[in-house]
>>> print(open('my_file.cif').read())   # mmCIF, C-alpha atoms and all ligand atoms
data_work
#
loop_
_atom_site.label_atom_id
_atom_site.label_comp_id
_atom_site.auth_asym_id
_atom_site.auth_seq_id
_atom_site.Cartn_x
_atom_site.Cartn_y
_atom_site.Cartn_z
CA MET A 722 0.00 0.00 0.00
CA LYS A 723 1.60 3.27 -1.13
CA VAL A 724 0.73 6.53 0.60
CA LEU A 725 1.71 10.03 -0.50
CA VAL A 726 2.26 12.44 2.41
CA LEU A 727 1.98 16.14 1.61
CA ASN A 728 2.92 19.21 3.65
CA CYS A 729 1.77 22.31 1.76
CA GLY A 730 2.94 25.81 2.62
CA SER A 731 1.83 28.97 0.85
CA SER A 732 4.65 28.75 -1.71
CA SER A 733 6.12 25.32 -1.00
CA LEU A 734 5.18 21.67 -0.94
CA LYS A 735 7.09 18.87 0.79
CA TYR A 736 6.26 15.27 -0.06
CA GLN A 737 7.19 11.70 0.82
CA LEU A 738 5.95 8.50 -0.76
CA PHE A 739 5.76 5.60 1.70
CA ASP A 740 5.44 1.91 0.99
CA MET A 741 3.37 0.99 4.02
CA THR A 742 4.02 -2.72 3.72
CA ASP A 743 7.35 -2.02 5.48
CA GLU A 744 6.95 1.72 6.20
CA SER A 745 9.89 2.53 3.92
CA VAL A 746 10.25 5.87 2.13
CA LEU A 747 10.45 5.29 -1.63
CA ALA A 748 10.99 8.93 -2.59
CA LYS A 749 10.69 12.42 -1.20
CA GLY A 750 11.08 15.97 -2.34
CA LEU A 751 10.39 19.64 -2.12
CA VAL A 752 8.69 22.08 -4.49
CA GLU A 753 9.74 25.66 -3.78
CA ARG A 754 8.67 29.14 -4.88
CA ILE A 755 5.25 28.09 -6.14
CA GLY A 756 3.68 31.11 -7.87
CA ILE A 757 6.99 33.04 -7.67
CA ASP A 758 9.88 33.47 -10.14
CA GLY A 759 12.60 30.86 -9.71
CA ALA A 760 10.35 27.89 -8.90
CA ARG A 761 11.98 24.47 -8.69
CA ILE A 762 11.32 20.87 -7.73
CA LYS A 763 13.90 18.74 -5.95
CA HIS A 764 13.07 15.05 -6.08
CA VAL A 765 15.02 12.31 -4.34
CA LYS A 766 14.51 8.64 -5.02
CA THR A 767 15.76 6.85 -1.89
CA ASP A 768 19.51 6.12 -2.07
CA ARG A 769 19.89 8.11 -5.30
CA ASP A 770 21.19 11.61 -6.03
CA PRO A 771 18.60 14.42 -6.00
CA VAL A 772 17.11 15.52 -9.33
CA VAL A 773 16.55 19.29 -9.34
CA THR A 774 14.45 20.90 -12.08
CA ASP A 775 13.88 24.64 -12.51
CA VAL A 776 10.48 25.10 -14.10
CA PRO A 777 7.66 27.69 -13.82
CA ILE A 778 5.12 26.47 -11.23
CA PRO A 779 2.19 28.91 -11.16
CA ASN A 780 0.07 27.12 -8.56
CA HIS A 781 -0.26 24.09 -6.25
CA LYS A 782 -2.17 22.09 -8.88
CA LYS A 783 0.82 22.33 -11.21
CA ALA A 784 3.14 21.50 -8.29
CA ILE A 785 1.21 18.29 -7.56
CA GLN A 786 1.17 17.33 -11.23
CA LEU A 787 4.96 17.74 -11.28
CA VAL A 788 5.33 15.61 -8.14
CA LEU A 789 3.25 12.84 -9.74
CA ASP A 790 5.33 13.13 -12.96
CA ARG A 791 8.51 12.65 -10.94
CA LEU A 792 7.03 9.65 -9.09
CA LEU A 793 6.16 8.10 -12.48
CA ASP A 794 9.41 9.07 -14.24
CA PRO A 795 11.15 5.99 -15.71
CA SER A 796 14.57 7.06 -14.37
CA CYS A 797 13.94 8.80 -11.00
CA GLY A 798 10.41 7.53 -10.33
CA VAL A 799 9.22 4.77 -8.03
CA ILE A 800 5.78 3.78 -9.39
CA SER A 801 4.61 2.72 -12.84
CA SER A 802 0.99 3.81 -12.53
CA LEU A 803 -0.98 6.27 -10.39
CA ASP A 804 -3.26 3.33 -9.53
CA GLU A 805 -0.48 2.23 -7.16
CA LEU A 806 -1.30 5.18 -4.89
CA ALA A 807 -3.72 4.09 -2.17
CA ALA A 808 -4.25 7.47 -0.51
CA ALA A 809 -2.80 10.88 0.29
CA GLY A 810 -2.24 12.21 3.82
CA HIS A 811 -2.01 15.95 4.46
CA ARG A 812 -0.42 17.81 7.32
CA VAL A 813 -2.91 20.46 8.48
CA VAL A 814 -1.61 22.93 11.04
CA HIS A 815 -4.79 23.87 12.89
CA GLY A 816 -7.80 21.75 13.69
CA GLY A 817 -9.15 24.14 16.33
CA ASP A 818 -11.19 22.33 18.98
CA ARG A 819 -13.15 20.59 16.28
CA PHE A 820 -10.62 17.94 15.24
CA ALA A 821 -9.22 15.81 18.07
CA THR A 822 -8.07 13.05 15.72
CA SER A 823 -7.06 12.61 12.10
CA VAL A 824 -10.00 12.44 9.67
CA ARG A 825 -10.78 11.29 6.17
CA ILE A 826 -11.38 14.39 4.05
CA ASP A 827 -14.87 15.09 2.71
CA SER A 828 -16.82 18.30 2.11
CA GLN A 829 -17.71 18.63 5.83
CA VAL A 830 -14.06 18.29 6.84
CA LEU A 831 -13.03 20.90 4.26
CA LYS A 832 -15.64 23.23 5.73
CA GLY A 833 -14.31 22.53 9.22
CA ILE A 834 -10.73 23.34 8.22
CA GLU A 835 -11.98 26.53 6.56
CA GLU A 836 -13.77 27.53 9.75
CA VAL A 837 -10.54 27.51 11.73
CA VAL A 838 -8.64 29.64 9.18
CA PRO A 839 -8.93 32.68 11.53
CA LEU A 840 -6.88 30.71 14.08
CA ALA A 841 -4.08 29.95 11.59
CA PRO A 842 -4.40 32.57 8.84
CA LEU A 843 -0.98 31.82 7.33
CA HIS A 844 -1.02 28.03 7.47
CA ASN A 845 -4.52 26.60 7.06
CA PRO A 846 -5.25 28.36 3.72
CA ALA A 847 -2.05 26.85 2.28
CA ASN A 848 -3.00 23.40 3.61
CA LEU A 849 -6.47 23.77 2.07
CA THR A 850 -5.00 24.85 -1.27
CA GLY A 851 -2.92 21.67 -1.31
CA ILE A 852 -5.88 19.44 -0.47
CA LYS A 853 -8.08 21.06 -3.12
CA ALA A 854 -5.33 20.81 -5.75
CA MET A 855 -4.92 17.10 -4.96
CA VAL A 856 -8.69 16.59 -5.32
CA GLU A 857 -8.57 18.31 -8.72
CA VAL A 858 -5.67 16.20 -9.96
CA LEU A 859 -6.79 12.82 -8.52
CA PRO A 860 -10.48 13.14 -7.53
CA GLN A 861 -10.90 9.45 -6.67
CA LEU A 862 -7.91 9.20 -4.33
CA PRO A 863 -8.89 8.94 -0.63
CA GLN A 864 -7.39 11.81 1.37
CA VAL A 865 -6.77 12.22 5.07
CA ALA A 866 -6.03 15.31 7.21
CA VAL A 867 -3.67 15.01 10.18
CA PHE A 868 -3.66 18.03 12.49
CA ASP A 869 -0.73 19.53 14.45
CA THR A 870 -3.16 20.50 17.19
CA ALA A 871 -5.12 17.23 17.52
CA PHE A 872 -2.88 15.44 20.05
CA HIS A 873 -3.29 18.34 22.50
CA GLN A 874 -7.09 18.17 22.51
CA THR A 875 -6.85 15.92 25.58
CA MET A 876 -5.58 18.83 27.73
CA PRO A 877 -7.92 19.60 30.62
CA PRO A 878 -9.53 23.08 30.82
CA ARG A 879 -7.23 24.04 33.71
CA ALA A 880 -4.33 23.80 31.25
CA PHE A 881 -5.94 25.33 28.17
CA VAL A 882 -8.12 28.20 29.48
CA TYR A 883 -6.27 31.51 29.88
CA GLY A 884 -6.83 33.72 32.92
CA ILE A 885 -8.70 36.41 31.02
CA PRO A 886 -12.51 36.88 31.09
CA TYR A 887 -14.12 33.52 30.30
CA HIS A 888 -16.19 34.80 27.40
CA TYR A 889 -13.03 35.19 25.31
CA TYR A 890 -12.80 31.41 25.49
CA SER A 891 -16.48 30.55 25.23
CA GLU A 892 -17.30 33.04 22.46
CA ASN A 893 -14.01 33.75 20.68
CA ARG A 894 -12.34 30.33 21.08
CA ILE A 895 -9.28 31.97 22.63
CA ARG A 896 -7.50 29.15 24.48
CA ARG A 897 -4.28 27.15 24.41
CA TYR A 898 -4.31 24.80 21.39
CA GLY A 899 -0.68 23.68 21.21
CA PHE A 900 1.25 22.58 18.13
CA HIS A 901 3.83 19.97 17.01
CA GLY A 902 1.27 17.41 18.27
CA THR A 903 2.20 14.78 15.70
CA SER A 904 5.83 14.96 16.80
CA HIS A 905 5.07 14.81 20.55
CA TYR A 906 2.74 11.86 19.93
CA PHE A 907 5.33 9.99 17.85
CA VAL A 908 8.23 10.35 20.28
CA ALA A 909 6.14 9.65 23.40
CA TYR A 910 4.82 6.38 21.97
CA ARG A 911 8.24 5.46 20.59
CA ALA A 912 9.78 6.13 24.02
CA ALA A 913 7.33 3.65 25.57
CA GLU A 914 8.27 1.07 22.92
CA MET A 915 11.98 1.60 23.54
CA LEU A 916 11.47 1.25 27.31
CA GLY A 917 9.31 -1.84 26.82
CA ARG A 918 6.55 -0.35 28.98
CA PRO A 919 2.92 0.52 28.17
CA VAL A 920 2.57 4.21 27.36
CA GLU A 921 -0.50 4.28 29.65
CA SER A 922 1.82 3.76 32.62
CA LEU A 923 4.29 6.54 31.78
CA LYS A 924 4.67 10.22 32.59
CA ILE A 925 6.85 11.72 29.85
CA VAL A 926 8.11 15.23 29.12
CA THR A 927 8.72 15.51 25.39
CA CYS A 928 11.00 18.35 24.25
CA HIS A 929 10.54 19.20 20.55
CA LEU A 930 13.39 21.68 20.07
CA GLY A 931 13.92 23.03 16.59
CA ASN A 932 13.57 26.37 14.91
CA GLY A 933 10.14 26.30 16.51
CA SER A 934 10.02 24.54 19.87
CA SER A 935 7.52 23.17 22.33
CA ILE A 936 7.60 21.01 25.43
CA THR A 937 4.69 18.74 26.29
CA ALA A 938 3.59 16.82 29.39
CA VAL A 939 2.38 13.41 28.18
CA ASP A 940 0.60 11.52 30.97
CA GLY A 941 -0.51 7.99 30.11
CA GLY A 942 -0.12 8.68 26.38
CA ARG A 943 -2.25 11.84 26.47
CA SER A 944 -1.08 15.44 26.21
CA VAL A 945 -2.02 17.21 29.45
CA ASP A 946 -0.14 20.48 28.90
CA THR A 947 2.12 22.06 26.31
CA THR A 948 4.13 25.27 25.99
CA LEU A 949 2.81 26.61 22.69
CA GLY A 950 -0.61 28.11 23.05
CA PHE A 951 -3.22 30.04 21.09
CA GLY A 952 -0.39 30.94 18.76
CA THR A 953 3.12 29.73 18.15
CA VAL A 954 5.22 32.17 20.21
CA PRO A 955 4.97 31.21 23.91
CA GLY A 956 7.01 28.71 25.92
CA VAL A 957 10.74 28.31 25.46
CA LEU A 958 12.99 30.65 23.47
CA MET A 959 12.92 29.72 19.77
CA GLY A 960 14.95 30.60 16.65
CA THR A 961 13.19 33.93 16.06
CA ARG A 962 10.13 33.63 18.35
CA CYS A 963 10.20 35.09 21.82
CA GLY A 964 8.89 32.36 24.13
CA ASP A 965 7.11 33.44 27.31
CA VAL A 966 6.77 37.21 27.63
CA ASP A 967 4.70 39.27 30.05
CA PRO A 968 1.75 40.53 27.93
CA LEU A 969 2.26 44.02 29.36
CA VAL A 970 5.69 44.11 27.72
CA VAL A 971 3.94 43.80 24.37
CA LEU A 972 1.55 46.65 25.14
CA SER A 973 4.38 48.82 26.45
CA VAL A 974 6.59 48.27 23.36
CA MET A 975 3.67 48.96 21.01
CA GLU A 976 2.89 52.18 22.81
CA ALA A 977 6.50 53.35 23.05
CA GLU A 978 7.28 52.63 19.39
CA GLY A 979 3.87 53.54 17.96
CA MET A 980 3.55 50.04 16.50
CA ASP A 981 0.41 48.44 15.13
CA THR A 982 -0.42 44.77 15.74
CA LYS A 983 1.15 43.67 12.45
CA ALA A 984 4.50 45.30 13.27
CA MET A 985 4.45 43.89 16.81
CA SER A 986 3.58 40.44 15.53
CA HIS A 987 6.63 40.64 13.28
CA VAL A 988 8.85 41.48 16.24
CA LEU A 989 7.49 38.57 18.30
CA HIS A 990 7.64 36.01 15.47
CA LYS A 991 10.64 37.06 13.40
CA GLU A 992 12.98 39.34 15.36
CA SER A 993 13.01 37.73 18.79
CA GLY A 994 14.24 34.46 20.29
CA VAL A 995 17.80 33.25 19.94
CA PHE A 996 18.23 35.64 17.01
CA GLY A 997 16.89 38.66 18.88
CA ILE A 998 18.97 38.03 22.00
CA SER A 999 22.25 37.05 20.32
CA GLY A 1000 22.04 39.42 17.36
CA VAL A 1001 24.00 36.68 15.54
CA SER A 1002 21.61 34.17 13.97
CA SER A 1003 18.48 32.10 14.51
CA ASP A 1004 20.50 28.95 13.83
CA LEU A 1005 21.75 27.42 17.04
CA ARG A 1006 25.00 26.22 15.45
CA ASP A 1007 26.02 29.81 14.57
CA VAL A 1008 25.10 31.00 18.06
CA GLU A 1009 27.11 28.21 19.71
CA GLU A 1010 30.10 29.14 17.55
CA ALA A 1011 29.81 32.82 18.47
CA ALA A 1012 29.46 31.97 22.19
CA ALA A 1013 32.57 29.78 22.02
CA LYS A 1014 34.47 32.83 20.69
CA GLY A 1015 33.35 34.90 23.65
CA ASN A 1016 30.21 36.62 22.35
CA GLU A 1017 28.32 37.34 25.58
CA ARG A 1018 24.90 37.86 24.04
CA ALA A 1019 25.22 34.58 22.17
CA GLN A 1020 26.07 32.92 25.49
CA LEU A 1021 23.06 34.60 27.13
CA ALA A 1022 20.75 33.22 24.40
CA LEU A 1023 22.09 29.70 25.05
CA ASP A 1024 21.77 30.14 28.82
CA MET A 1025 18.18 31.33 28.43
CA LEU A 1026 17.25 28.42 26.18
CA VAL A 1027 18.72 25.87 28.60
CA TYR A 1028 17.06 27.59 31.56
CA HIS A 1029 13.64 27.63 29.87
CA ILE A 1030 13.86 23.94 29.00
CA ARG A 1031 14.87 22.96 32.55
CA LYS A 1032 12.11 25.13 34.00
CA TYR A 1033 9.42 23.39 31.93
CA ILE A 1034 10.78 19.91 32.63
CA GLY A 1035 10.42 20.66 36.35
CA ALA A 1036 7.03 22.32 35.94
CA TYR A 1037 5.59 19.44 33.95
CA ALA A 1038 7.00 16.79 36.31
CA ALA A 1039 5.15 18.64 39.11
CA ALA A 1040 2.01 19.07 36.96
CA MET A 1041 1.90 15.31 36.28
CA GLY A 1042 2.92 14.37 39.82
CA GLY A 1043 5.83 12.28 38.60
CA LEU A 1044 8.26 11.63 35.78
CA ASP A 1045 9.42 8.48 33.98
CA ALA A 1046 11.12 9.85 30.87
CA ILE A 1047 12.44 13.01 29.25
CA VAL A 1048 12.64 12.89 25.45
CA PHE A 1049 14.60 15.19 23.13
CA THR A 1050 13.62 15.54 19.48
CA ALA A 1051 13.73 17.84 16.39
CA GLY A 1052 16.84 19.68 15.06
CA ILE A 1053 18.26 20.88 18.38
CA GLY A 1054 16.86 18.02 20.48
CA GLU A 1055 18.32 15.38 18.16
CA ASN A 1056 21.65 17.09 17.40
CA GLY A 1057 22.37 19.66 20.09
CA VAL A 1058 24.81 17.68 22.23
CA ASP A 1059 25.89 20.70 24.31
CA ILE A 1060 22.35 21.97 24.91
CA ARG A 1061 21.26 18.48 26.08
CA ASP A 1062 24.32 18.30 28.29
CA ALA A 1063 23.55 21.64 29.94
CA VAL A 1064 19.86 20.77 30.38
CA CYS A 1065 20.39 17.31 31.83
CA ARG A 1066 23.19 17.85 34.31
CA ASP A 1067 22.02 18.08 37.92
CA LEU A 1068 18.56 16.65 37.32
CA GLU A 1069 19.17 13.89 39.86
CA PHE A 1070 16.74 15.48 42.29
CA LEU A 1071 14.07 14.43 39.75
CA GLY A 1072 15.45 10.89 39.53
CA ALA A 1073 17.11 11.58 36.17
CA ARG A 1074 20.79 10.59 36.22
CA PHE A 1075 22.43 11.84 33.05
CA ALA A 1076 25.23 9.81 31.39
CA PRO A 1077 27.39 12.38 29.51
CA GLU A 1078 29.39 9.63 27.80
CA LYS A 1079 26.21 8.37 26.07
CA ASN A 1080 25.18 11.85 24.95
CA LYS A 1081 27.60 12.24 22.04
CA VAL A 1082 24.95 11.22 19.58
CA ARG A 1083 23.31 13.09 16.74
CA GLY A 1084 20.11 12.22 14.91
CA LYS A 1085 19.63 8.69 16.20
CA GLU A 1086 17.77 6.90 18.96
CA GLN A 1087 19.71 6.65 22.17
CA ILE A 1088 19.08 6.49 25.89
CA ILE A 1089 21.41 9.07 27.43
CA SER A 1090 20.71 8.42 31.12
CA ALA A 1091 22.67 6.06 33.36
CA ASP A 1092 21.54 2.43 33.41
CA ASP A 1093 20.36 2.81 37.01
CA SER A 1094 18.54 6.13 36.43
CA ARG A 1095 14.90 5.91 37.57
CA VAL A 1096 13.92 8.45 34.87
CA ALA A 1097 15.07 7.65 31.34
CA ILE A 1098 16.54 10.50 29.30
CA MET A 1099 16.19 9.75 25.59
CA VAL A 1100 17.03 11.10 22.15
CA ILE A 1101 14.40 10.07 19.60
CA PRO A 1102 14.37 11.46 16.03
CA THR A 1103 10.86 12.58 15.22
CA ASN A 1104 8.96 11.32 12.19
CA GLU A 1105 5.80 13.34 11.62
CA GLU A 1106 5.44 12.08 8.05
CA LEU A 1107 5.29 8.48 9.23
CA VAL A 1108 2.50 9.33 11.70
CA ILE A 1109 0.58 10.98 8.83
CA ALA A 1110 1.12 7.90 6.62
CA ARG A 1111 0.05 5.51 9.42
CA ASP A 1112 -3.10 7.51 10.24
CA THR A 1113 -3.92 7.68 6.53
CA VAL A 1114 -3.69 3.91 6.17
CA LYS A 1115 -5.81 3.39 9.32
CA LEU A 1116 -8.56 5.71 8.12
CA VAL A 1117 -8.62 4.45 4.55
CA LEU A 1118 -8.74 0.80 5.63
CA THR A 1119 -11.45 1.30 8.24
CA ARG A 1120 -14.01 2.96 5.99
P1 LIG B 1 14.35 22.01 12.93
O1 LIG B 1 13.43 23.21 12.95
O2 LIG B 1 13.80 20.85 13.69
O3 LIG B 1 14.84 21.66 11.56
O4 LIG B 1 15.67 22.45 13.77
C1 LIG B 1 16.50 23.50 13.34
C2 LIG B 1 17.48 23.83 14.46
O5 LIG B 1 18.28 22.68 14.77
C3 LIG B 1 18.44 24.95 14.11
O6 LIG B 1 18.51 25.89 15.17
C4 LIG B 1 19.76 24.24 13.98
O7 LIG B 1 20.83 25.06 14.35
C5 LIG B 1 19.61 23.11 14.99
N1 LIG B 1 20.62 22.10 14.72
C6 LIG B 1 20.73 21.29 13.65
N2 LIG B 1 21.86 20.56 13.73
C7 LIG B 1 22.47 20.91 14.89
C8 LIG B 1 23.69 20.52 15.55
N3 LIG B 1 24.49 19.63 15.01
N4 LIG B 1 23.99 21.13 16.73
C9 LIG B 1 23.18 22.05 17.27
N5 LIG B 1 22.03 22.46 16.70
C10 LIG B 1 21.68 21.91 15.53
#
>>> encode(input="my_file.cif", output="structure tokens")
Amino acid sequence: MKVLVLNCGSSSLKYQLFDMTDESVLAKGLVERIGIDGARIKHVKTDRDPVVTDVPIPNHKKAIQLVLDRLLDPSCGVISSLDELAAAGHRVVHGGDRFATSVRIDSQVLKGIEEVVPLAPLHNPANLTGIKAMVEVLPQLPQVAVFDTAFHQTMPPRAFVYGIPYHYYSENRIRRYGFHGTSHYFVAYRAAEMLGRPVESLKIVTCHLGNGSSITAVDGGRSVDTTLGFGTVPGVLMGTRCGDVDPLVVLSVMEAEGMDTKAMSHVLHKESGVFGISGVSSDLRDVEEAAAKGNERAQLALDMLVYHIRKYIGAYAAAMGGLDAIVFTAGIGENGVDIRDAVCRDLEFLGARFAPEKNKVRGKEQIISADDSRVAIMVIPTNEELVIARDTVKLVLTR
């Protein structure tokens, strides 16, 4: 059974084709600059060199046609007929409080995704464009939507309602939604598999640390709290996003600088975080390099990031009333040896005994706590595309 997984942005489209008989990736690629000059498609058949083609790509429909052409191509392709495709799975950023699980796409689901566009005005329209283009190109192909927010729908009201007048929640749907749900779900369940224990019996703090970051408390396999919220800026310091900030700071800066909401939003999303503090870069590797050469602001950005992560690990252990595992994933979580080292030292009071000699690992599964540590500390590469492919198979087979 072959499943095409699509992640559509406003001017880009990432794809992976899975053979779900063994969950292998047959091919993957990226279409960039859709609707803009300089469009290109980069296609990679597994274990082969990438094939890059510069070609005008006016819209997502054309982008999908090109992807299918590449998949069928006699030299770089991996299928001989489109009939081999069993279904397509789409990443959809926001499911609001309407979608708590993945769903097979029909007209009602499309309407539901459209209804939450105000909650994700940049992302959901792009996801919808991709779904609609796929319907146009292959109308008979079953399609599934997998939401970044869905895993967090198990949070209790005490974790998702903000302390502002209740009607903003009840009437305006202003609440914590959380994001990166597919990633937190994947690594939490994988951690349970690696530990050989049922996920229902575990209290896990999952740290998804990349350009965007969030930390989640996963109690018994269910998200009970997470650091991202109504939007994607709170929680720990990110590449260019600020993390937790006193809301009055925002009002004060807007007033002092005469900024409107759009300008302030730009500051919070694009000019803050590791980039805003260090003044060097949003990429952690550059900031680590600058700090090693004595750049004090770069060092402060690293110190803040480590401090924020430790603070949430402690907070979520207390929120869950216990801790069995801490998991690191995404770009920094999987590769940031020094950040993990700084976060995990001196966590013995929580029962987590770090083993520095096991920590020199990048991008692969590894337990980095001592053998006798009560709490496991783990590195687990995330695989959101595989979750989307698995959910797609489940939903297509069960109809
Ligand atoms: P992601 O958004 O998950 O792709 O993660 C991107 C972040 O991971 C960037 O800040 C990168 O600097 C960081 N990253 C990737 N490789 C490394 C590495 N070897 N050491 C430290 N950070 C890394």
>>> residues_near_ligand(input="my_file.cif", ligand="ligand LIG 1 (chain B)", cutoff="8 Å", atoms="only C-alpha atoms and all ligand atoms", output="list in words")
His929, Leu930, Gly931, Asn932, Gly933, Ser934, Gly960, Ser1003, Asp1004, Leu1005, Arg1006, Asp1007, Glu1009, Thr1050, Ala1051, Gly1052, Ile1053, Gly1054, Glu1055, Asn1056, Gly1057, Val1058, Asp1059, Ile1060 and Arg1083 of chain A
>>> closest_residue(input="my_file.cif", among="A:Met985, A:Val995, A:Ala1022, A:Leu862", to="A:Arg962", atoms="only C-alpha atoms")
A:Val995
>>> residues_near_point(input="my_file.cif", point="(28.1, 8.9, 33.2)", cutoff="9 Å", atoms="all atoms listed in the file", output="ChimeraX atom specification")
/A:1074-1079,1089-1091
>>> closest_atom_pairs(input="my_file.cif", of="stretch 808-870 of chain A", to="stretch 885-895 of chain A", cutoff="12 Å", atoms="only C-alpha atoms", output="tab-separated table")
residue	atom	partner	partner_atom	distance
A:Gly817	CA	A:Arg894	CA	8.4
A:Asp818	CA	A:Arg894	CA	8.4
A:Arg819	CA	A:Arg894	CA	10.9
A:Glu836	CA	A:Arg894	CA	11.8
A:Val837	CA	A:Arg894	CA	9.9
A:Pro839	CA	A:Arg894	CA	10.4
A:Leu840	CA	A:Arg894	CA	8.9
>>> write_last_selection(input="my_file.cif", atoms="C-alpha atoms", output="compact mmCIF listing (two decimals), keeping the file's coordinate frame")
# COMPACT_ATOMS: atom_id res chain seq x y z
CA GLY A 817 -9.15 24.14 16.33
CA ASP A 818 -11.19 22.33 18.98
CA ARG A 819 -13.15 20.59 16.28
CA GLU A 836 -13.77 27.53 9.75
CA VAL A 837 -10.54 27.51 11.73
CA PRO A 839 -8.93 32.68 11.53
CA LEU A 840 -6.88 30.71 14.08
>>> residues_around(input="my_file.cif", residues="A:Asp827", least_positions_apart="6", cutoff="10 Å", atoms="all atoms listed in the file", output="tab-separated table (two decimals) with C-alpha atoms, in the frame of the given file")
chain	number	residue	atom	x	y	z
A	833	GLY	CA	-14.31	22.53	9.22
A	863	PRO	CA	-8.89	8.94	-0.63
A	864	GLN	CA	-7.39	11.81	1.37
A	865	VAL	CA	-6.77	12.22	5.07
A	866	ALA	CA	-6.03	15.31	7.21
>>> residues_around(input="my_file.cif", residues="A:Cys729", least_positions_apart="6", cutoff="7 Å", atoms="only C-alpha atoms", output="ChimeraX atom specification")
/A:735,847-848,851
>>> atom_distance(input="my_file.cif", atom1="atom CA of A:Tyr736", atom2="atom CA of A:Val752")
8.5 Å
>>> closest_residue(input="my_file.cif", among="A:Gln786, A:Leu792, A:Gly952, A:Val765", to="A:Pro842", atoms="only C-alpha atoms")
A:Gly952
>>> residues_around(input="my_file.cif", residues="A:Leu803", least_positions_apart="4", cutoff="9 Å", atoms="only C-alpha atoms", output="list in words")
Leu789, Leu792, Leu793, Ala807 and Leu859 of chain A
>>> decode(input="my_file.cif", residues="stretch 772-786 of chain A", atoms="C-alpha atoms", output="PDB file, in the first residue's frame")
ATOM      1  CA  VAL A 772      17.107  15.522  -9.326  1.00  0.00           C
ATOM      2  CA  VAL A 773      16.555  19.294  -9.345  1.00  0.00           C
ATOM      3  CA  THR A 774      14.455  20.903 -12.075  1.00  0.00           C
ATOM      4  CA  ASP A 775      13.877  24.640 -12.511  1.00  0.00           C
ATOM      5  CA  VAL A 776      10.478  25.102 -14.099  1.00  0.00           C
ATOM      6  CA  PRO A 777       7.659  27.691 -13.819  1.00  0.00           C
ATOM      7  CA  ILE A 778       5.120  26.466 -11.232  1.00  0.00           C
ATOM      8  CA  PRO A 779       2.193  28.906 -11.161  1.00  0.00           C
ATOM      9  CA  ASN A 780       0.067  27.117  -8.559  1.00  0.00           C
ATOM     10  CA  HIS A 781      -0.265  24.093  -6.250  1.00  0.00           C
ATOM     11  CA  LYS A 782      -2.165  22.086  -8.880  1.00  0.00           C
ATOM     12  CA  LYS A 783       0.818  22.330 -11.209  1.00  0.00           C
ATOM     13  CA  ALA A 784       3.137  21.501  -8.295  1.00  0.00           C
ATOM     14  CA  ILE A 785       1.210  18.291  -7.563  1.00  0.00           C
ATOM     15  CA  GLN A 786       1.171  17.332 -11.230  1.00  0.00           C
TER      16      GLN A 786
END
